[in-house]
Amino acid sequence: MCYYTDQTSSNKALENRFKAQAKYDESMAQKGKISGFTRAALPIITQAKPDQIQLIPWGLIPAWANTEQARELPKNTLNAKSESIFEKPSFEPSILKQRCLVLVDGFYEWQHVSKNKIEYRVHLKSNGPFALAGIYAIWHNPQTSMLEPSFSIITTPANELMEEIHNTKKRMPLILSADQERDWLAPMSTEKIKSFFKPFDSNSMQAQKVKNMGDQIQLFA
């Protein structure tokens, strides 16, 4: 699965890479290792506003949710499995018309060896920001009358690299190539959407073991 991302790129770097304008103050963006369980906001490009980068909270709240559901659902909607995304009431409306790019510099996953858990930071060999395929929804908060967007990251079965690292559940986020990004935001049929649901080429990825030291992260080759 994908519950932790790495955010290091500046707004300018994201704007240059994705040809879109950041619509938020950079001081509002969290940097470093980010946990989805904190309802952190990540830089997102939505299908509705493909020329903008927005900060949107992680953990999708579907439009139909009531207030109590809106409190509970986000911890269970950080990820959406590609195999069942069209069957889940929380995800089906969004995969058809509300797809997005989740802009990251990497993500974290754990390998289980005996009773030990070894943390890895995974990224592309290009070492720049890249896009994960996501979906988003907009919920009307009846208490504040505000429209609140939120998102989920799509996952697929693991490729060869991620099978070795995420060796229990063997999952990985759906990584988009640069050539696929704008197509992901364009209108398309269900069958065309499903054609994106493939593990990314492991030859274009790399990973380093991580050692946490307080607030610092040390990487090992």
# chains A, B, ... in the order shown; residues from 1 in each chain; ligands from 1

$ residues_around --residues "A:Ala13" --least-positions-apart "3" --cutoff "12 Å" --atoms "only C-alpha atoms" --output "VMD selection string"
chain A and resid 7 to 10 16 to 22 26 53 103 to 105 128 to 130

$ write_last_selection --atoms "C-alpha atoms" --output "PDB file, in the first residue's frame"
ATOM      1  CA  GLN A   7       7.849  15.757  -0.398  1.00  0.00           C
ATOM      2  CA  THR A   8      11.023  17.771  -1.032  1.00  0.00           C
ATOM      3  CA  SER A   9      10.526  19.732  -4.265  1.00  0.00           C
ATOM      4  CA  SER A  10       9.932  23.479  -4.171  1.00  0.00           C
ATOM      5  CA  ASN A  16       8.496  23.599 -14.043  1.00  0.00           C
ATOM      6  CA  ARG A  17       8.075  19.833 -14.047  1.00  0.00           C
ATOM      7  CA  PHE A  18       4.284  19.686 -14.375  1.00  0.00           C
ATOM      8  CA  LYS A  19       3.619  22.903 -16.332  1.00  0.00           C
ATOM      9  CA  ALA A  20       1.044  24.129 -13.819  1.00  0.00           C
ATOM     10  CA  GLN A  21       0.855  26.999 -11.335  1.00  0.00           C
ATOM     11  CA  ALA A  22       1.021  26.405  -7.591  1.00  0.00           C
ATOM     12  CA  GLU A  26       4.797  27.392  -0.086  1.00  0.00           C
ATOM     13  CA  ILE A  53      -1.352  22.711  -8.323  1.00  0.00           C
ATOM     14  CA  LEU A 103       2.943  14.994  -6.878  1.00  0.00           C
ATOM     15  CA  VAL A 104       5.675  13.321  -4.812  1.00  0.00           C
ATOM     16  CA  ASP A 105       9.436  12.899  -4.698  1.00  0.00           C
ATOM     17  CA  GLY A 128      12.924  14.426  -9.521  1.00  0.00           C
ATOM     18  CA  PRO A 129       9.265  14.806  -8.632  1.00  0.00           C
ATOM     19  CA  PHE A 130       6.853  12.400 -10.284  1.00  0.00           C
TER      20      PHE A 130
END

$ closest_atom_pairs --of "stretch 119-149 of chain A" --to "stretch 84-93 of chain A" --cutoff "9 Å" --atoms "only C-alpha atoms" --output "tab-separated table"
residue	atom	partner	partner_atom	distance
A:Ile135	CA	A:Phe91	CA	7.6
A:Tyr136	CA	A:Phe91	CA	8.5
A:Ala137	CA	A:Pro93	CA	8.4

$ select_by_dssp --residues "stretch 77-165 of chain A" --states "alpha helix (DSSP H)" --output "NGL selection string"
:A and (92-97 or 160-165)

$ atom_distance --atom1 "atom CA of A:Met205" --atom2 "atom CA of A:Pro157"
15.4 Å

$ closest_residue --among "A:Leu132, A:Leu96, A:Ile138, A:Ile118" --to "A:Trp64" --atoms "only C-alpha atoms"
A:Ile138
